[in-house]
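Since the structure comes first, as structure tokens, the remarks are kept for the end.
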Amino acid sequence: MPARFPTTSRARVIAAHGHMLHVRLEHGGEAVARAMGRKLQVVCGDYVSCEFDARHDELRIVALEPRSGALYRSNAHGSGELIAANLSLLLVVVAPLPVPDFYIVDRYLAAAQCAGIHARVVLNKSELGIDAITEAELRNYAALGLEPLRVSAQAASGLDELRALLHEQSAAMVGQSGVGKSSLLRALVPDSDAAIGTLLRDDAGRHTTSASWLYALPQGGALIDSPGVRDFAPAIDRLHDADLGFTEIAALSAHCRFGDCRHLREPDCAVRAAAGGALSARRYESYRRLRRLWERLRQPSG
């Protein structure tokens, strides 16, 4: 380990692959580190304590600081898997092409709502034009207080507003494959291509790149870029039981006949009555789909 690294240090994880991690130390240096102990599960965005092991000539992560703003997804068995930690902002990126899957957007927004993470929808490739369906969905999000930000990495439009939004934030950028997150990242962090050239060795000694990477933003703050997805399910044990993170359903449910209404088939349900009117029919269907998944994964196995 180079002499400029202290024996002990606080650091933030900027990339993770199993127990091998890339960290940015508090004094500004970067290094590859190993998480000690199988119970120490560390992800991108975590703050950790490191110690230098002179005997093995490696930096070791020995402690994990308490997390805030943790984003989880659900695996096939319904268990929560941590994606990123210590987030203050989640950017859900869509584009005219590929055709937006707003059910995925809803699920990211629900996960953020239940985790206490502020969220914004970002429409990239705005130079391509927007069809009527997409425009209507963007208006629905605006009505929820989630005014979409329209940008174009290709035409360099809307980027100053995006930079201002990210100032001093600890943000993650998520969305479908092909929406142009990499182009946005290059516009926001000009040297990002060089940053991801750093490789880690996994526990078998193979070189590997991380699934997610945390970048320092030139204007202050940090941005985690996550791989594009074809689907996303929030961790069900992290969702609010009553409304699953759908804010408009939370507001409407106060008028339901039953306090434990699931808003599916119950009589005198204010949510069902509003669907197609005050409540977007597609958003209500999105809630129904997530509720069915929630109930299926909550069933005991065996």
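Residue numbers start at 1 in each chain; chains themselves are named A, B, ... in the order of the structure tokens; ligands are numbered from 1 in the order shown.
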Residue contacts of Val99 of chain A (10 Å, only C-alpha atoms) excluding same-chain residues fewer than 2 positions away, as a ChimeraX atom specification: /A:94-97,101-102,131,134,176,178-179
Selection export as a short mmCIF file (atom, residue, chain, number, x, y, z; two decimals), in the first residue's frame, atoms kept: C-alpha atoms:
data_model
loop_
_atom_site.label_atom_id
_atom_site.label_comp_id
_atom_site.auth_asym_id
_atom_site.auth_seq_id
_atom_site.Cartn_x
_atom_site.Cartn_y
_atom_site.Cartn_z
CA VAL A 94 -36.79 7.35 -19.74
CA ALA A 95 -36.63 8.22 -23.43
CA PRO A 96 -38.90 8.23 -26.49
CA LEU A 97 -36.91 5.21 -27.68
CA ASP A 101 -42.13 1.14 -19.60
CA PHE A 102 -43.88 3.32 -17.05
CA ASP A 131 -45.83 10.85 -28.48
CA THR A 134 -45.70 9.54 -23.12
CA GLN A 176 -34.30 0.79 -18.90
CA GLY A 178 -30.98 2.07 -24.07
CA VAL A 179 -32.36 5.27 -22.57
#
Contact residues around segment 113-126 of chain A with only C-alpha atoms at 9 Å, ignoring same-chain residues under 2 positions, as a VMD selection string: chain A and resid 68 to 72 87 to 97 105 108 to 111 128 to 130 138 141 146 to 155 157 162 179 to 181 184 238 to 240 244 to 247
Counting only C-alpha atoms, the residue of A:Ser253, A:Gly45, A:Ala132, A:Arg34 that sits nearest Ile224 of chain A: A:Gly45
All helix (DSSP H, G or I) residues (DSSP, backbone) inside segment 58-248 of chain A, as a ChimeraX atom specification: /A:102-115,126-128,132-143,159-166,181-188,192-195,236-238,247-248
What does the file look like for those residues with C-alpha atoms, as an mmCIF file, in the first residue's frame?
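This went into result-v6.cif:
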data_model
loop_
_atom_site.group_PDB
_atom_site.id
_atom_site.type_symbol
_atom_site.label_atom_id
_atom_site.label_comp_id
_atom_site.auth_asym_id
_atom_site.auth_seq_id
_atom_site.Cartn_x
_atom_site.Cartn_y
_atom_site.Cartn_z
ATOM 1 C CA PHE A 102 -43.876 3.325 -17.053
ATOM 2 C CA TYR A 103 -44.609 0.317 -14.853
ATOM 3 C CA ILE A 104 -40.864 0.117 -14.216
ATOM 4 C CA VAL A 105 -40.798 3.852 -13.548
ATOM 5 C CA ASP A 106 -43.623 3.476 -11.012
ATOM 6 C CA ARG A 107 -41.768 0.739 -9.180
ATOM 7 C CA TYR A 108 -38.597 2.791 -8.881
ATOM 8 C CA LEU A 109 -40.648 5.728 -7.633
ATOM 9 C CA ALA A 110 -42.422 3.498 -5.088
ATOM 10 C CA ALA A 111 -39.092 2.162 -3.820
ATOM 11 C CA ALA A 112 -37.731 5.693 -3.488
ATOM 12 C CA GLN A 113 -40.856 6.945 -1.712
ATOM 13 C CA CYS A 114 -40.713 4.154 0.863
ATOM 14 C CA ALA A 115 -36.970 4.682 1.393
ATOM 15 C CA SER A 126 -36.052 14.908 -25.963
ATOM 16 C CA GLU A 127 -34.884 15.982 -29.423
ATOM 17 C CA LEU A 128 -36.653 12.911 -30.862
ATOM 18 C CA ALA A 132 -49.199 11.601 -26.891
ATOM 19 C CA ILE A 133 -49.095 8.597 -24.538
ATOM 20 C CA THR A 134 -45.697 9.540 -23.119
ATOM 21 C CA GLU A 135 -46.748 13.171 -22.809
ATOM 22 C CA ALA A 136 -49.843 12.142 -20.831
ATOM 23 C CA GLU A 137 -47.760 9.997 -18.477
ATOM 24 C CA LEU A 138 -45.333 12.850 -17.881
ATOM 25 C CA ARG A 139 -48.272 15.111 -16.998
ATOM 26 C CA ASN A 140 -49.470 12.490 -14.501
ATOM 27 C CA TYR A 141 -46.080 12.549 -12.755
ATOM 28 C CA ALA A 142 -46.096 16.349 -12.732
ATOM 29 C CA ALA A 143 -49.516 16.263 -11.023
ATOM 30 C CA LEU A 159 -28.115 19.742 -18.857
ATOM 31 C CA ASP A 160 -27.548 22.897 -16.804
ATOM 32 C CA GLU A 161 -30.859 22.288 -15.006
ATOM 33 C CA LEU A 162 -29.845 18.676 -14.414
ATOM 34 C CA ARG A 163 -26.466 19.762 -13.032
ATOM 35 C CA ALA A 164 -28.216 22.215 -10.699
ATOM 36 C CA LEU A 165 -30.533 19.445 -9.510
ATOM 37 C CA LEU A 166 -27.551 17.199 -8.754
ATOM 38 C CA LYS A 181 -27.727 6.964 -19.285
ATOM 39 C CA SER A 182 -24.145 6.522 -20.479
ATOM 40 C CA SER A 183 -24.432 9.602 -22.697
ATOM 41 C CA LEU A 184 -25.833 11.599 -19.798
ATOM 42 C CA LEU A 185 -23.037 10.364 -17.568
ATOM 43 C CA ARG A 186 -20.375 11.469 -20.064
ATOM 44 C CA ALA A 187 -21.997 14.904 -20.259
ATOM 45 C CA LEU A 188 -22.119 15.227 -16.466
ATOM 46 C CA SER A 192 -16.148 8.993 -16.567
ATOM 47 C CA ASP A 193 -14.767 6.744 -19.313
ATOM 48 C CA ALA A 194 -11.358 6.832 -17.639
ATOM 49 C CA ALA A 195 -12.884 6.157 -14.228
ATOM 50 C CA ILE A 236 -41.585 -5.986 -0.803
ATOM 51 C CA ASP A 237 -40.519 -5.905 2.835
ATOM 52 C CA ARG A 238 -39.399 -2.296 2.321
ATOM 53 C CA THR A 247 -48.621 8.728 -2.934
ATOM 54 C CA GLU A 248 -51.978 9.414 -4.592
#
Residue neighbourhood Pro66 of chain A, 10 Å, only C-alpha atoms, exclusion window fewer than 4 positions, as an NGL selection string: :A and (46-48 or 85-86)
